[in-house]
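Below: the structure, in structure tokens.
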Amino acid sequence: MRDQMRKLIVGNWKMNGTSRDVSEIIAIAELSGMHAAVDAALCLPATLIDRASQAAGGFAIGGQDCHMMEAGAHTGCLSAEMLLDAGAVLTIIGHSERRAAQHEQDSDIRAKAEAAQVAGLQVIVCVGETLDERESKKALNVVLGQLHQSLPETAASQWLSVAYEPVWAIGTGRVADTNDVAEMHGAMRAALVERFGEDGRKIRILYGGSMNGDNAAQLLAVPNVDGGLIGGASLTAAKFRPILSAAAALSK
Ligand code: 13P
């Protein structure tokens with residue numbers, strides 16, 4: 001996962017998966033090995049990271065969150081170091097489901113992203129507007145605000161990607177219009193370059209929200225869409241395969 005502008009396809013298993021699913025993880029890892037032009041990873045429930053990273057032979061396994069502190073009295077939480085220790089090489093931070101259900105604020109997300117980077121994890125920071133915000137034409141402002149507040153100053157100095165995931169497109173089957181995706185990703189790219197200079201061009205911007213084998217080629221071809229963050233369609237190798245193939249076709 002080194003070359004920044006290769007397409008990056010990441011599965012987010014959310015709260016799905018037990019040891020019964022390790023064979024599916026291995027199948028996805030093998031599939032990724034057949035698509036050498038694409039960077040791929042699976043962000044799994046923490047309980048599966050150790051087993052999966054041992055079983056998947058070098059395939060990138062990640063977590064879905066981490067705490068901003070290194071250690072201490074934080075019952076139920078995991079530090080970035082613990083994820084690394086279990087075999088993770090990356091983690092998602094600030095997913096909208098955590099922003100909503102765990103009331104994570106931009107300042108929390110920024111601190112977590114920084115902690116993860118310091119520990120040596122690669123990071124995917126998520127941003128995205130709600131349906132209300134899109135319908136009231138606030139989407140650009142909301143997302144650029146989240147981007148500004150959630151990214152640490154170190155963002156561009158170490159491997160970090162951002163994921164634009166419109167909340168209303170997640171798990172709904174309703175995909176963002178490609179013109180809207182182009183507008184949002186273009187605005188995010190401009191904001192990244194304004195803040196980080198030329199390094200801002202190296203930060204991959206992923207799209208997430210009901211991406212699947214039917215729409216991946218179209219979405220991944222949009223300018224400044226450098227990959228995808230995929231929920232439901234990452235749970236089986238059969239559903240993940242056409243997304244990897246679409247990314248590989250665009251990488252040629
Ligand atoms: P779906 O692909 O299931 O819409 O989920 C997207 C997502 O939230 C990935 O983080």
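In the structure tokens, the first chain shown is A, the next is B, and so on; residue numbers restart at 1 for each chain, and ligands run from 1 in the order shown.
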
List every residue of chain A that has an atom at most 9 Å from any atom of ligand 1, giving for each one its closest atom pair and the distance in Å to one decimal, counting only C-alpha atoms and all ligand atoms, sorted by chain and then by ascending residue number, as a tab-separated table.
```
residue	atom	partner	partner_atom_place_in_ligand_line	distance
A:Val10	CA	ligand 1	9 (C)	8.3
A:Gly11	CA	ligand 1	9 (C)	7.0
A:Asn12	CA	ligand 1	10 (O)	5.2
A:Trp13	CA	ligand 1	9 (C)	8.0
A:Lys14	CA	ligand 1	10 (O)	7.6
A:Gln64	CA	ligand 1	10 (O)	9.0
A:Ile92	CA	ligand 1	10 (O)	8.2
A:His95	CA	ligand 1	10 (O)	6.6
A:Ser96	CA	ligand 1	8 (O)	7.5
A:Glu97	CA	ligand 1	8 (O)	7.6
A:Cys126	CA	ligand 1	10 (O)	8.0
A:Ala163	CA	ligand 1	10 (O)	8.2
A:Glu165	CA	ligand 1	8 (O)	6.7
A:Pro166	CA	ligand 1	8 (O)	8.8
A:Val167	CA	ligand 1	8 (O)	7.9
A:Trp168	CA	ligand 1	4 (O)	8.9
A:Ala169	CA	ligand 1	4 (O)	6.1
A:Ile170	CA	ligand 1	4 (O)	3.5
A:Gly171	CA	ligand 1	4 (O)	3.5
A:Thr172	CA	ligand 1	4 (O)	6.2
A:Gly173	CA	ligand 1	4 (O)	6.7
A:Arg174	CA	ligand 1	4 (O)	8.3
A:Val175	CA	ligand 1	4 (O)	8.3
A:Tyr207	CA	ligand 1	9 (C)	8.8
A:Gly208	CA	ligand 1	6 (C)	5.0
A:Gly209	CA	ligand 1	4 (O)	3.9
A:Ser210	CA	ligand 1	4 (O)	3.5
A:Met211	CA	ligand 1	2 (O)	5.2
A:Asn212	CA	ligand 1	2 (O)	7.1
A:Gly228	CA	ligand 1	9 (C)	8.3
A:Leu229	CA	ligand 1	9 (C)	4.9
A:Ile230	CA	ligand 1	2 (O)	4.1
A:Gly231	CA	ligand 1	2 (O)	3.4
A:Gly232	CA	ligand 1	3 (O)	3.8
A:Ala233	CA	ligand 1	2 (O)	6.0
A:Ser234	CA	ligand 1	2 (O)	7.6
```

- All helix (DSSP H, G or I) positions in range 29-211 of chain A, as a PyMOL selection string: chain A and resi 29-33+46-55+80-86+96-101+106-119+131-135+139-150+167-169+178-201

Which is closest to Gly62 in chain A among A:Ile9, A:Ile109, A:Leu121, A:Met15, if we use only C-alpha atoms?
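Smallest distance to Gly62 in chain A is found for A:Leu121.
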
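Comparing A:Gln105, A:Ser150, A:Ser79, A:Ser23 by their smallest distance to Ala237 in chain A, the closest is A:Ser23 (using only C-alpha atoms).
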
Notebook entry, point to check: In Å to one decimal, how far is CA of Trp159 in chain A from CA of Arg195 in chain A?
Noted result: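 Taking CA of Arg195 in chain A as the start and CA of Trp159 in chain A as the end point, the length is 16.1 Å.
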
* To do: Could you give me, as a list in words, the residues within 12 Å of Ala29 in chain A, counting only C-alpha atoms and dropping anything in the same chain fewer than 6 positions from it?
  =>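 Once the nearby chain positions are removed, what remains is Val10, Gly11, Val22, Ser23, His35, Ala36, Asp39, Ala40, Ala41, Leu42, Ala52, Ser53, Gln54, Ala55, Ala56, Gly57, Gly58, Phe59, Ala60, Ile61, Ser234, Thr236, Ala237, Phe240, Arg241 and Leu244 of chain A.
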
What is the distance between CA of Leu160 in chain A and CA of Ser19 in chain A, in Å to one decimal?
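If I compute the distance from CA of Leu160 in chain A to CA of Ser19 in chain A, I get 29.1 Å.
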